[in-house]
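Novice: Provided below: model.cif, containing mmCIF, C-alpha atoms and all ligand atoms.
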```cif
data_input
#
loop_
_atom_site.label_atom_id
_atom_site.label_comp_id
_atom_site.auth_asym_id
_atom_site.auth_seq_id
_atom_site.Cartn_x
_atom_site.Cartn_y
_atom_site.Cartn_z
CA MET A 1 275.82 22.09 283.75
CA GLY A 2 278.16 24.69 285.32
CA LYS A 3 279.74 23.63 288.57
CA ASN A 4 277.06 20.97 289.07
CA ASP A 5 277.44 17.31 288.20
CA ALA A 6 273.82 17.28 287.02
CA ASP A 7 270.72 19.47 287.18
CA VAL A 8 269.05 16.76 289.24
CA LEU A 9 270.74 13.87 291.03
CA ILE A 10 268.35 11.00 291.65
CA LEU A 11 269.16 8.43 294.33
CA GLY A 12 267.81 4.99 293.48
CA ALA A 13 266.77 3.20 290.27
CA GLY A 14 263.45 1.84 291.54
CA PRO A 15 260.03 2.78 290.14
CA ALA A 16 260.10 6.25 291.77
CA GLY A 17 263.57 7.28 290.59
CA LEU A 18 263.17 5.86 287.10
CA VAL A 19 259.77 7.45 286.39
CA LEU A 20 261.06 10.76 287.72
CA GLY A 21 264.20 10.48 285.58
CA ASN A 22 262.21 9.70 282.45
CA LEU A 23 259.85 12.65 282.92
CA LEU A 24 262.76 15.02 283.59
CA ARG A 25 264.67 13.79 280.52
CA ALA A 26 261.55 14.31 278.38
CA ALA A 27 261.61 17.95 279.56
CA GLY A 28 265.28 18.29 278.63
CA ILE A 29 266.57 18.29 282.20
CA ASP A 30 269.96 16.76 282.74
CA CYS A 31 269.82 14.06 285.40
CA VAL A 32 271.98 11.27 286.75
CA ILE A 33 270.67 8.30 288.73
CA LEU A 34 272.94 6.82 291.43
CA GLU A 35 272.11 3.18 292.20
CA ARG A 36 273.99 0.95 294.60
CA LYS A 37 273.00 -2.34 292.98
CA SER A 38 274.01 -3.67 289.56
CA ARG A 39 271.70 -3.31 286.56
CA GLU A 40 271.12 -7.07 286.60
CA GLN A 41 270.09 -7.00 290.26
CA VAL A 42 267.53 -4.22 289.88
CA GLU A 43 266.12 -5.75 286.70
CA ASN A 44 265.50 -9.06 288.47
CA ARG A 45 264.02 -7.89 291.78
CA ALA A 46 260.48 -9.27 291.97
CA ARG A 47 258.19 -7.20 294.18
CA ALA A 48 254.96 -5.50 293.20
CA GLY A 49 252.71 -6.32 290.30
CA PHE A 50 249.40 -4.49 290.62
CA LEU A 51 249.30 -1.15 288.85
CA ALA A 52 246.31 1.10 289.51
CA ALA A 53 244.52 2.72 286.58
CA ASN A 54 246.07 6.11 287.40
CA SER A 55 249.57 4.61 287.28
CA VAL A 56 248.85 3.12 283.87
CA ARG A 57 247.47 6.46 282.63
CA LEU A 58 250.60 8.27 283.84
CA LEU A 59 252.94 5.75 282.19
CA GLU A 60 250.94 5.78 278.96
CA ALA A 61 250.76 9.56 278.77
CA ASN A 62 254.54 9.73 279.07
CA GLY A 63 255.46 7.05 276.54
CA LEU A 64 256.47 4.54 279.24
CA ALA A 65 253.77 1.90 278.82
CA ASP A 66 254.68 -0.10 275.69
CA GLY A 67 255.71 -3.21 277.66
CA LEU A 68 252.82 -3.17 280.10
CA LEU A 69 250.23 -2.55 277.38
CA ARG A 70 251.68 -5.46 275.41
CA ASP A 71 252.26 -7.98 278.24
CA GLY A 72 250.27 -6.70 281.23
CA VAL A 73 247.03 -8.46 282.11
CA GLN A 74 243.94 -6.63 283.35
CA HIS A 75 242.41 -7.91 286.57
CA ASP A 76 239.22 -6.77 288.21
CA THR A 77 238.29 -9.51 290.65
CA CYS A 78 238.94 -10.18 294.27
CA VAL A 79 237.81 -13.26 296.20
CA PHE A 80 237.31 -13.43 299.97
CA ARG A 81 237.25 -16.89 301.57
CA TYR A 82 236.46 -17.46 305.23
CA GLU A 83 234.82 -19.91 307.56
CA ARG A 84 231.25 -19.14 306.60
CA THR A 85 231.54 -18.80 302.82
CA GLU A 86 233.36 -17.41 299.79
CA PHE A 87 232.37 -14.33 297.81
CA GLU A 88 233.76 -12.41 294.88
CA ILE A 89 233.91 -8.67 294.24
CA LYS A 90 234.21 -7.71 290.59
CA TYR A 91 235.49 -4.24 291.34
CA GLY A 92 235.96 -3.29 287.69
CA GLY A 93 232.19 -3.20 287.26
CA LEU A 94 231.50 -1.12 290.38
CA ALA A 95 231.29 2.64 290.90
CA ALA A 96 234.97 3.39 290.28
CA GLY A 97 234.85 1.39 287.02
CA GLU A 98 238.62 0.82 287.12
CA VAL A 99 240.80 -2.26 286.99
CA HIS A 100 244.37 -3.21 287.86
CA THR A 101 246.97 -4.00 285.24
CA VAL A 102 249.19 -6.76 286.49
CA TYR A 103 252.74 -6.30 285.23
CA PRO A 104 255.61 -7.46 287.46
CA GLN A 105 257.66 -4.59 288.89
CA GLN A 106 260.95 -5.98 287.57
CA PHE A 107 259.58 -5.84 284.01
CA LEU A 108 258.50 -2.23 284.53
CA VAL A 109 261.90 -1.34 285.99
CA THR A 110 263.63 -3.00 283.00
CA ASP A 111 261.50 -0.98 280.56
CA LEU A 112 262.07 2.27 282.47
CA ILE A 113 265.86 1.79 282.52
CA ALA A 114 265.99 1.18 278.75
CA GLU A 115 263.84 4.23 278.05
CA PHE A 116 265.77 6.50 280.44
CA LEU A 117 269.05 5.58 278.72
CA ALA A 118 267.41 6.08 275.29
CA ARG A 119 266.36 9.57 276.45
CA GLY A 120 270.00 10.39 277.16
CA GLY A 121 269.93 9.82 280.92
CA GLU A 122 272.87 8.38 282.84
CA ILE A 123 272.70 5.69 285.54
CA LYS A 124 275.73 4.94 287.69
CA PHE A 125 275.08 1.38 288.84
CA GLY A 126 277.10 -0.04 291.72
CA THR A 127 277.36 3.44 293.27
CA GLU A 128 276.57 3.72 296.97
CA VAL A 129 275.45 7.06 298.34
CA SER A 130 276.60 7.48 301.94
CA SER A 131 275.26 10.94 302.76
CA VAL A 132 273.02 13.66 301.39
CA SER A 133 272.67 17.34 302.22
CA GLY A 134 269.44 19.02 301.20
CA THR A 135 270.63 22.46 302.21
CA GLU A 136 273.89 22.18 300.24
CA ALA A 137 272.34 20.07 297.42
CA THR A 138 275.25 17.64 297.57
CA VAL A 139 275.69 13.91 297.96
CA ILE A 140 278.68 11.76 298.76
CA ALA A 141 278.76 8.70 296.52
CA ASP A 142 281.64 6.23 296.75
CA GLU A 143 283.52 8.94 298.69
CA VAL A 144 283.15 11.51 295.89
CA LEU A 145 281.26 14.76 296.50
CA LEU A 146 278.64 15.45 293.81
CA ARG A 147 276.60 18.64 293.39
CA ALA A 148 273.30 19.34 291.72
CA GLU A 149 270.62 21.97 291.57
CA TYR A 150 268.16 19.51 293.12
CA ILE A 151 268.35 16.05 294.70
CA ALA A 152 265.58 13.46 294.58
CA GLY A 153 265.73 10.85 297.34
CA CYS A 154 264.15 7.77 295.70
CA ASP A 155 266.36 5.31 297.55
CA GLY A 156 263.62 3.25 299.16
CA ARG A 157 262.91 2.15 302.69
CA ARG A 158 266.55 1.58 303.65
CA GLY A 159 268.07 4.53 301.83
CA VAL A 160 270.08 7.39 303.28
CA SER A 161 268.07 10.38 302.06
CA ARG A 162 265.24 9.95 304.60
CA ARG A 163 267.74 10.46 307.40
CA SER A 164 268.69 13.87 305.99
CA VAL A 165 265.17 15.25 306.32
CA PRO A 166 264.37 16.43 309.84
CA ALA A 167 260.73 15.40 309.96
CA ARG A 168 258.18 14.08 312.36
CA VAL A 169 257.98 10.36 311.62
CA PHE A 170 254.86 8.34 312.35
CA ARG A 171 255.55 4.63 312.58
CA ARG A 172 253.16 1.77 312.99
CA ASP A 173 254.26 -1.80 313.46
CA HIS A 174 251.23 -3.98 312.73
CA ALA A 175 252.88 -6.85 314.66
CA ILE A 176 252.01 -9.14 311.76
CA SER A 177 254.47 -10.94 309.48
CA TRP A 178 253.91 -12.57 306.13
CA LEU A 179 255.96 -15.18 304.36
CA ALA A 180 256.02 -13.74 300.82
CA ILE A 181 256.30 -16.53 298.28
CA LEU A 182 256.87 -16.55 294.52
CA ALA A 183 255.80 -19.82 292.94
CA GLU A 184 256.56 -21.03 289.44
CA ALA A 185 252.92 -21.88 288.86
CA PRO A 186 249.99 -20.35 286.99
CA PRO A 187 247.45 -18.40 289.06
CA SER A 188 244.88 -20.58 290.80
CA MET A 189 242.06 -18.04 290.65
CA PRO A 190 241.29 -14.85 288.73
CA ALA A 191 243.57 -12.18 290.28
CA VAL A 192 243.41 -11.80 294.06
CA GLY A 193 242.34 -14.25 296.73
CA TYR A 194 242.21 -13.36 300.42
CA ALA A 195 241.68 -16.33 302.77
CA MET A 196 240.95 -15.92 306.47
CA HIS A 197 241.54 -19.10 308.45
CA GLU A 198 242.03 -20.05 312.08
CA ARG A 199 245.60 -21.02 311.12
CA GLY A 200 246.14 -17.46 309.88
CA PHE A 201 245.78 -15.40 306.72
CA ALA A 202 246.75 -16.66 303.25
CA GLY A 203 246.82 -14.55 300.10
CA HIS A 204 247.03 -15.21 296.38
CA MET A 205 248.03 -12.58 293.81
CA ALA A 206 248.33 -13.30 290.12
CA ARG A 207 251.59 -12.19 288.49
CA THR A 208 252.10 -13.81 285.06
CA SER A 209 250.73 -16.93 283.35
CA THR A 210 253.62 -18.91 284.88
CA VAL A 211 254.35 -17.13 288.19
CA THR A 212 252.05 -16.48 291.15
CA ARG A 213 252.64 -14.65 294.42
CA TYR A 214 251.31 -16.14 297.64
CA TYR A 215 251.41 -14.90 301.21
CA LEU A 216 251.15 -16.81 304.50
CA GLU A 217 250.79 -15.10 307.86
CA VAL A 218 253.57 -16.45 310.11
CA PRO A 219 254.80 -15.68 313.63
CA ARG A 220 257.19 -12.74 313.98
CA GLY A 221 260.82 -13.83 313.70
CA GLU A 222 260.07 -16.91 311.58
CA ASP A 223 262.98 -18.33 309.55
CA PRO A 224 261.85 -18.54 305.89
CA GLU A 225 264.24 -21.42 305.28
CA GLY A 226 262.16 -23.51 307.72
CA TRP A 227 259.42 -23.48 305.07
CA THR A 228 260.03 -26.29 302.57
CA ASP A 229 258.07 -26.36 299.30
CA ASP A 230 255.83 -29.14 300.66
CA ARG A 231 255.12 -27.32 303.89
CA ILE A 232 254.21 -24.13 301.97
CA TRP A 233 251.77 -25.92 299.64
CA ASP A 234 250.24 -27.89 302.48
CA GLU A 235 249.64 -24.74 304.51
CA LEU A 236 248.29 -22.83 301.51
CA HIS A 237 245.90 -25.67 300.71
CA GLN A 238 244.56 -25.72 304.25
CA ARG A 239 244.14 -21.98 304.61
CA MET A 240 242.71 -21.49 301.12
CA ARG A 241 240.33 -24.38 301.82
CA ALA A 242 241.34 -26.36 298.76
CA ASP A 243 239.15 -29.29 299.92
CA GLN A 244 236.10 -27.12 299.51
CA TYR A 245 237.04 -24.86 296.59
CA GLY A 246 239.50 -26.94 294.58
CA PRO A 247 243.27 -27.43 294.60
CA LEU A 248 245.87 -24.76 293.93
CA LYS A 249 248.11 -25.00 290.89
CA GLN A 250 251.49 -25.97 292.31
CA GLY A 251 255.06 -25.46 291.17
CA ALA A 252 258.57 -24.86 292.48
CA ILE A 253 258.97 -22.11 295.08
CA LEU A 254 261.25 -19.50 293.51
CA GLU A 255 261.50 -17.11 296.45
CA ARG A 256 260.47 -17.03 300.11
CA ARG A 257 261.05 -14.01 302.30
CA ILE A 258 259.58 -12.49 305.43
CA VAL A 259 257.74 -9.17 305.22
CA ASP A 260 256.95 -7.53 308.57
CA LEU A 261 253.85 -5.44 308.01
CA GLY A 262 254.59 -1.89 308.98
CA SER A 263 254.00 1.68 307.91
CA HIS A 264 255.78 4.93 308.30
CA VAL A 265 254.83 8.39 307.18
CA MET A 266 257.20 11.34 307.31
CA ASP A 267 255.79 14.81 307.76
CA THR A 268 257.57 16.55 305.78
CA ILE A 269 259.16 14.87 302.79
CA GLN A 270 261.42 17.75 301.72
CA ARG A 271 264.36 19.69 303.08
CA GLY A 272 266.05 22.52 301.18
CA ASN A 273 266.71 21.17 297.70
CA LEU A 274 266.15 17.52 298.66
CA PHE A 275 262.79 15.88 297.91
CA LEU A 276 261.76 12.33 298.83
CA ALA A 277 259.55 10.05 296.73
CA GLY A 278 258.39 6.43 296.91
CA ASP A 279 259.28 4.17 299.82
CA ALA A 280 261.85 6.76 300.96
CA ALA A 281 258.95 9.14 301.68
CA SER A 282 256.46 6.68 303.13
CA LEU A 283 256.24 2.97 303.69
CA ILE A 284 253.01 1.07 303.39
CA SER A 285 252.33 -2.62 303.97
CA PRO A 286 251.87 -4.66 300.76
CA SER A 287 248.34 -5.75 301.78
CA ALA A 288 246.58 -3.25 299.52
CA ALA A 289 249.25 -3.15 296.75
CA LYS A 290 249.74 0.60 297.07
CA GLY A 291 253.52 1.06 297.44
CA ALA A 292 254.62 1.14 293.81
CA ASN A 293 251.54 3.17 292.86
CA LEU A 294 252.29 5.83 295.46
CA ALA A 295 255.88 5.91 294.21
CA LEU A 296 254.72 6.67 290.66
CA MET A 297 252.23 9.30 291.79
CA GLU A 298 254.88 11.14 293.83
CA ALA A 299 257.39 10.90 290.97
CA GLU A 300 254.86 12.57 288.67
CA ILE A 301 254.12 15.40 291.11
CA LEU A 302 257.82 15.94 291.81
CA ALA A 303 258.71 15.93 288.11
CA GLY A 304 256.13 18.66 287.38
CA ALA A 305 257.43 20.76 290.27
CA LEU A 306 261.10 20.35 289.29
CA ILE A 307 260.37 21.18 285.65
CA ALA A 308 258.60 24.42 286.67
CA ALA A 309 261.45 25.30 289.03
CA HIS A 310 264.21 24.55 286.52
CA HIS A 311 262.71 26.00 283.36
CA GLU A 312 260.56 28.83 284.70
CA ARG A 313 262.28 29.56 288.02
CA ASP A 314 258.86 29.06 289.61
CA THR A 315 259.24 27.13 292.88
CA THR A 316 255.60 27.35 294.01
CA ALA A 317 254.90 23.67 293.31
CA LEU A 318 258.20 22.55 294.84
CA ASP A 319 257.43 24.49 298.01
CA ARG A 320 254.07 22.72 298.16
CA TYR A 321 255.40 19.26 297.32
CA SER A 322 254.88 17.73 300.80
CA ALA A 323 251.48 19.37 301.19
CA GLU A 324 250.44 17.98 297.82
CA CYS A 325 251.56 14.41 298.52
CA LEU A 326 250.77 13.85 302.19
CA PRO A 327 246.93 13.74 301.99
CA ARG A 328 247.22 11.09 299.22
CA ILE A 329 249.73 9.11 301.27
CA TRP A 330 247.41 9.18 304.30
CA ARG A 331 244.43 8.02 302.25
CA ALA A 332 246.40 5.02 301.00
CA GLN A 333 247.53 4.33 304.58
CA GLU A 334 243.98 4.52 305.85
CA PHE A 335 242.75 1.92 303.35
CA SER A 336 245.74 -0.31 303.97
CA HIS A 337 245.01 -0.25 307.73
CA TRP A 338 241.36 -1.05 307.08
CA LEU A 339 242.33 -4.01 304.91
CA ILE A 340 244.89 -5.32 307.42
CA ALA A 341 242.19 -5.31 310.10
CA LEU A 342 239.87 -7.19 307.74
CA LEU A 343 242.42 -9.85 306.86
CA HIS A 344 243.84 -10.62 310.30
CA SER A 345 242.33 -11.49 313.63
CA PRO A 346 243.67 -13.18 316.73
CA ALA A 347 243.50 -16.96 317.11
CA GLY A 348 242.19 -18.68 320.24
CA TYR A 349 238.94 -18.74 322.17
CA ASP A 350 239.31 -16.12 324.88
CA ASP A 351 236.70 -13.35 324.86
CA GLU A 352 238.91 -10.82 323.12
CA ALA A 353 239.82 -13.18 320.26
CA VAL A 354 236.23 -14.29 319.72
CA PHE A 355 235.04 -10.66 319.86
CA GLN A 356 237.64 -9.55 317.29
CA ARG A 357 236.75 -12.39 314.94
CA ALA A 358 233.03 -11.59 315.25
CA LEU A 359 233.73 -7.98 314.28
CA ARG A 360 235.83 -9.17 311.35
CA ASP A 361 233.02 -11.48 310.19
CA ALA A 362 230.52 -8.64 310.45
CA ARG A 363 232.77 -6.45 308.28
CA LEU A 364 233.04 -9.26 305.73
CA GLU A 365 229.29 -9.70 305.78
CA SER A 366 228.79 -5.98 305.07
CA LEU A 367 231.17 -6.27 302.16
CA ARG A 368 229.40 -9.37 300.88
CA ILE A 369 225.86 -8.01 300.93
CA SER A 370 226.11 -4.23 300.64
CA ARG A 371 226.64 -2.59 297.25
CA ALA A 372 227.64 0.67 298.99
CA ASN A 373 230.37 -1.18 300.89
CA GLN A 374 231.58 -2.79 297.68
CA ASP A 375 231.71 0.59 295.93
CA PHE A 376 233.81 1.96 298.80
CA PHE A 377 236.11 -1.04 298.53
CA ALA A 378 236.44 -0.78 294.74
CA GLU A 379 237.22 2.93 294.80
CA SER A 380 239.82 2.60 297.56
CA TYR A 381 241.34 -0.61 296.23
CA VAL A 382 242.07 0.46 292.70
CA GLY A 383 242.39 4.21 293.18
CA ILE A 384 245.42 6.17 294.28
P1 LIG A 401 262.74 0.77 295.58
O1 LIG A 401 262.07 -0.03 294.52
O2 LIG A 401 263.10 0.11 296.84
O3 LIG A 401 264.03 1.41 294.92
C1 LIG A 401 265.00 2.11 295.69
C2 LIG A 401 266.35 1.94 295.02
O4 LIG A 401 267.33 2.70 295.74
C3 LIG A 401 268.53 1.93 295.83
N1 LIG A 401 269.30 2.43 296.99
C4 LIG A 401 270.45 3.12 296.90
N2 LIG A 401 271.19 3.51 295.86
C5 LIG A 401 272.34 4.21 296.09
N3 LIG A 401 272.77 4.50 297.36
C6 LIG A 401 272.07 4.12 298.44
N4 LIG A 401 272.49 4.43 299.66
C7 LIG A 401 270.85 3.40 298.24
N5 LIG A 401 269.90 2.89 299.07
C8 LIG A 401 268.99 2.30 298.30
C9 LIG A 401 268.03 0.50 295.99
O5 LIG A 401 269.03 -0.44 295.61
C10 LIG A 401 266.83 0.50 295.04
O6 LIG A 401 267.17 0.09 293.73
O7 LIG A 401 261.85 2.05 295.97
P2 LIG A 401 260.77 2.92 295.14
O8 LIG A 401 261.30 3.35 293.81
O9 LIG A 401 260.29 3.94 296.09
O10 LIG A 401 259.59 1.87 294.80
C11 LIG A 401 258.79 1.37 295.82
C12 LIG A 401 258.30 -0.03 295.46
O11 LIG A 401 259.42 -0.82 295.13
C13 LIG A 401 257.51 -0.66 296.62
O12 LIG A 401 256.66 0.28 297.21
C14 LIG A 401 256.64 -1.84 296.16
O13 LIG A 401 257.43 -2.89 295.65
C15 LIG A 401 255.77 -2.36 297.32
N6 LIG A 401 255.02 -3.58 296.95
C16 LIG A 401 253.88 -3.50 296.17
N7 LIG A 401 253.47 -2.27 295.73
C17 LIG A 401 252.40 -2.19 294.88
O14 LIG A 401 252.03 -1.06 294.50
N8 LIG A 401 251.72 -3.32 294.45
C18 LIG A 401 252.07 -4.58 294.87
O15 LIG A 401 251.46 -5.57 294.43
C19 LIG A 401 253.20 -4.70 295.78
N9 LIG A 401 253.63 -5.91 296.20
C20 LIG A 401 255.47 -4.83 297.38
C21 LIG A 401 254.75 -6.00 296.98
C22 LIG A 401 256.61 -4.96 298.18
C23 LIG A 401 257.03 -6.23 298.61
N10 LIG A 401 258.15 -6.30 299.45
C24 LIG A 401 259.38 -6.80 298.98
C25 LIG A 401 258.13 -5.55 300.68
C26 LIG A 401 255.16 -7.25 297.39
C27 LIG A 401 256.30 -7.38 298.23
C28 LIG A 401 256.72 -8.77 298.68
#
```
How would this structure read if it were set down as C-alpha cells?
Ligand code: RFL
Specialist:
Amino acid sequence: MGKNDADVLILGAGPAGLVLGNLLRAAGIDCVILERKSREQVENRARAGFLAANSVRLLEANGLADGLLRDGVQHDTCVFRYERTEFEIKYGGLAAGEVHTVYPQQFLVTDLIAEFLARGGEIKFGTEVSSVSGTEATVIADEVLLRAEYIAGCDGRRGVSRRSVPARVFRRDHAISWLAILAEAPPSMPAVGYAMHERGFAGHMARTSTVTRYYLEVPRGEDPEGWTDDRIWDELHQRMRADQYGPLKQGAILERRIVDLGSHVMDTIQRGNLFLAGDAASLISPSAAKGANLALMEAEILAGALIAAHHERDTTALDRYSAECLPRIWRAQEFSHWLIALLHSPAGYDDEAVFQRALRDARLESLRISRANQDFFAESYVGI
C-alpha cells in the first residue's frame, strides 16, 4: 500500500460504489469505501427496483447476482391508460427481446455489501467526506487526510466529489414533481402502469409481492405530509381509472416523499485521478428507471479502466472514461425526456394546453398502433 491508505478510495456505498468495489476486489485491488450513513441506513433505503438485462448480465458475470436470481421477478409488460383507452406493450416479446428484473435496490445494496466484505474489502460507515482533490488524489474524511492512487466519486447527487471536477454542467428542471409512494400492498397490475389523467399523471411500479411503488404528479413545493393514506388511495383510484379498470390493491403507506424531476449531465466526469460514477456523474429523472442501471454500467467501465491502469500501467481506458460514458448517458437522458413528455401535459382548456394534450394523444396513438414505435420503445426502455 506504500504511503497510500488504499489503492482506490471509493466515496459512497450505493450501487455504483459497491459494484465498483466488488469488481476491483475480484482483481486483487485494495480498496476502501467511505460512507457517511450507517450500514443499517444504506441497507434499508428503498429507491429503484427495475434492473435492465445488461445490469443483470454484469452482476451475474461477476458473481453478484445470487440474491436477484433467487428473489428477483422478471417483468416485461407496461400498461398505458388515458382518456381514450388502455393498451399494453409486452416489450419482452418485441425486437429487443429483453425484460426487466425487479429486485429492490436496498436488497441489491445489502447483497453487494456482504460480498464486498467477503472479498476482503473495507467499508468505513458513518464517515463523512468533506473534500476531494483529483489532482492530489486525496480526500478529507472526518477531518483526516487520506491518500490513494485513484479516487472514485460514487457519492450520489448530493455528494462532494462532483464539486471537485471543473466541468460544464447541463441542468434541466422539468418543472414537474412527483409524490413517490411505497405501499405495503401487492402490485395491482403486471409490472408498470402509466396513467394520464386531467388531474395529473399517476404511475404504478411493481416491487415485491407485498410492496408496490406508486407515483402521483403534484404541484411543486407540495408537503408530502399533507397526503394522508386515504387521500393517496382516492387520488390513485381516480387517476388510474379504477371505476373502469378495477380497484387497486390497497395497504398502509410506508413512505411518501417528493421527487422533483430534473436532470444534470456533467461534461467531463473526471479530473486528474478522480473519476465520477452513478448519480454523482449524471442525474436522470426516475420516469424511465435508468438511474441505477447507468450507475452499474459506469461502475463496470471504470473498474475495467482502473484494473488496466493499476495492473498494467495502461491508462488509455482511464483517459477515455468520460468519452466512453457520456454518449450512453445522453441516450438514457434522451429517452427519459421523451417519456416525461409522453406522461405529462398541461391541464386546462386554453389553446396551448389543448394543443399539447392533442400531441400527447397522437404520440400515444402511434405507440398503440405501430409495431415500429413499440420496438423503439422496447429497445430504449429496457436497454442501457
Ligand atoms: P446513491 O445510491 O445515492 O449512493 C451514494 C452514496 O454516497 C453516500 N454519500 C457520502 N458518503 C460519504 N461522504 C459524503 N460526503 C457523501 N455524500 C453521499 C450516500 O450516503 C450514499 O450511500 O448513488 P449511486 O450509487 O450513484 O446510485 C444511484 C441510484 O441510487 C439512483 O440512480 C436510483 O435509485 C434512481 N432511481 C431508479 N433507478 C433505476 O434504475 N430504476 C428505478 O426503478 C429507479 N427508481 C430511483 C427510483 C430514485 C428515486 N429517488 C429516491 C430519487 C425511484 C426513486 C423514488
Novice: Do you have the CA of Gly159 (chain A)-atom N4 of ligand LIG 401 (chain A) distance handy?
Specialist: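 Distance between the two atoms: 4.9 Å.
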Novice: Show me a table, sorted first by chain and then by increasing residue number, of the residues of chain A having an atom at most 7 Å from ligand LIG 401 (chain A), each with its shortest atom pair and the distance in Å to one decimal, counting all atoms listed in the file and written as a tab-separated table.
Specialist:
```
residue	atom	partner	partner_atom	distance
A:Leu11	CA	A:LIG401	N2	5.5
A:Gly12	CA	A:LIG401	O4	3.3
A:Ala13	CA	A:LIG401	O6	4.7
A:Gly14	CA	A:LIG401	O3	3.5
A:Pro15	CA	A:LIG401	O8	3.9
A:Ala16	CA	A:LIG401	O8	3.7
A:Gly17	CA	A:LIG401	O8	5.6
A:Leu34	CA	A:LIG401	C5	5.4
A:Glu35	CA	A:LIG401	N2	3.8
A:Arg36	CA	A:LIG401	C5	3.9
A:Lys37	CA	A:LIG401	O5	5.1
A:Val42	CA	A:LIG401	O6	5.8
A:Arg47	CA	A:LIG401	C26	4.4
A:Ala48	CA	A:LIG401	C19	3.2
A:Gly49	CA	A:LIG401	O15	4.4
A:Phe50	CA	A:LIG401	O15	4.5
A:Leu51	CA	A:LIG401	O14	6.3
A:Gln105	CA	A:LIG401	O13	7.0
A:Thr127	CA	A:LIG401	C5	5.8
A:Glu128	CA	A:LIG401	N3	3.9
A:Val129	CA	A:LIG401	N3	3.8
A:Ser130	CA	A:LIG401	N4	5.6
A:Cys154	CA	A:LIG401	O9	5.5
A:Asp155	CA	A:LIG401	O4	3.3
A:Gly156	CA	A:LIG401	O7	3.8
A:Arg157	CA	A:LIG401	O2	6.2
A:Arg158	CA	A:LIG401	N5	5.8
A:Gly159	CA	A:LIG401	N5	3.7
A:Val160	CA	A:LIG401	N4	5.3
A:Ala180	CA	A:LIG401	C28	5.5
A:Val259	CA	A:LIG401	C25	5.8
A:Ala277	CA	A:LIG401	O9	6.2
A:Gly278	CA	A:LIG401	O9	3.2
A:Asp279	CA	A:LIG401	O9	3.9
A:Ala280	CA	A:LIG401	O9	5.8
A:Pro286	CA	A:LIG401	C21	4.9
A:Ala289	CA	A:LIG401	N8	3.4
A:Lys290	CA	A:LIG401	O14	3.8
A:Gly291	CA	A:LIG401	O12	3.2
A:Ala292	CA	A:LIG401	O14	3.5
A:Asn293	CA	A:LIG401	O14	4.6
A:Leu294	CA	A:LIG401	O14	7.0
A:Ala295	CA	A:LIG401	O9	5.2
```
Novice: Could you tell me which of A:Leu343, A:Pro186, A:Leu318, A:Arg163 comes closest to Glu217 (chain A) if we count all atoms listed in the file?
Specialist: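 Of the candidates, the smallest distance to Glu217 (chain A) is held by A:Leu343.
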Novice: Around the point (248.9, -20.2, 286.5) (coordinates from the file), which residues reach within 9 Å if we count only C-alpha atoms? Answer as an MDAnalysis selection string.
Specialist: chainID A and resid 184:189 206:212 249:250
Novice: Taking every listed atom of region 363-380 of chain A and adding 3 Å to each side, what centre and edge lengths in Å (one decimal) does the axis-aligned box have, as AutoDock Vina command-line options?
Specialist:
```
--center_x 232.8 --center_y -3.4 --center_z 301.5 --size_x 20.0 --size_y 18.6 --size_z 19.5
```
Novice: Skipping near chain neighbours, those fewer than 6 positions away, what residues fall within 7 Å of Leu261 (chain A) using only C-alpha atoms, listed as JSON, numbers by chain?
Specialist: {"A": [173, 174, 175, 176, 177, 285]}
Novice: Between A:Ile301, A:Asp223, A:Phe201, A:Asp30, which residue has the minimum interatomic distance to Leu58 (chain A), considering only C-alpha atoms?
Specialist: A:Ile301
Novice: Near Glu222 (chain A), within 10 Å and counting all atoms listed in the file, which residues show up once chain neighbours fewer than 5 positions away are dropped, as a VMD selection string?
Specialist: chain A and resid 177 to 179 227 257 to 258
Novice: Counting all atoms listed in the file, figure out which residue out of A:Ala183, A:Leu18, A:Ile140, A:Ile33 gets nearest to Glu298 (chain A).
Specialist: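 Going through A:Ala183, A:Leu18, A:Ile140, A:Ile33 one by one, the smallest distance to Glu298 (chain A) is for A:Leu18.
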Novice: So that I can check the surroundings of Gly28 (chain A), please list as a ChimeraX atom specification every protein, DNA and RNA residue that reaches within 10 Å of it, counting only C-alpha atoms and ignoring chain neighbours fewer than 2 positions away.
Specialist: /A:22-26,30-31,119-121,307,311
Novice: Next, write the just-selected residues to a file, as a PDB file, in the coordinates of the input, keeping C-alpha atoms as the atom set.
Specialist:
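Final output, saved to out.pdb:
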```pdb
ATOM      1  CA  ASN A  22     262.210   9.700 282.450  1.00  0.00           C
ATOM      2  CA  LEU A  23     259.850  12.650 282.920  1.00  0.00           C
ATOM      3  CA  LEU A  24     262.760  15.020 283.590  1.00  0.00           C
ATOM      4  CA  ARG A  25     264.670  13.790 280.520  1.00  0.00           C
ATOM      5  CA  ALA A  26     261.550  14.310 278.380  1.00  0.00           C
ATOM      6  CA  ASP A  30     269.960  16.760 282.740  1.00  0.00           C
ATOM      7  CA  CYS A  31     269.820  14.060 285.400  1.00  0.00           C
ATOM      8  CA  ARG A 119     266.360   9.570 276.450  1.00  0.00           C
ATOM      9  CA  GLY A 120     270.000  10.390 277.160  1.00  0.00           C
ATOM     10  CA  GLY A 121     269.930   9.820 280.920  1.00  0.00           C
ATOM     11  CA  ILE A 307     260.370  21.180 285.650  1.00  0.00           C
ATOM     12  CA  HIS A 311     262.710  26.000 283.360  1.00  0.00           C
TER      13      HIS A 311
END
```
Novice: What's the 7 Å shell around Ile284 (chain A), counting all atoms listed in the file, without same-chain residues fewer than 6 positions away, as a PDB file with C-alpha atoms, in the frame of the given file?
Specialist:
```pdb
ATOM      1  CA  GLY A 262     254.590  -1.890 308.980  1.00  0.00           C
ATOM      2  CA  SER A 263     254.000   1.680 307.910  1.00  0.00           C
ATOM      3  CA  HIS A 264     255.780   4.930 308.300  1.00  0.00           C
ATOM      4  CA  GLY A 291     253.520   1.060 297.440  1.00  0.00           C
ATOM      5  CA  GLN A 333     247.530   4.330 304.580  1.00  0.00           C
TER       6      GLN A 333
END
```
Novice: Which protein, DNA or RNA residues are at most 7 Å from (259.0, -22.4, 293.9) in the file's coordinates when you count only C-alpha atoms, listed as an MDAnalysis selection string?
Specialist: chainID A and resid 182:184 229 251:255
Novice: Using all atoms listed in the file, pick whichever of A:Gly193, A:Ser133, A:Tyr349, A:Val165 has the shortest atom-to-atom distance to His75 (chain A).
Specialist: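 Selected residue with least distance to His75 (chain A): A:Gly193.
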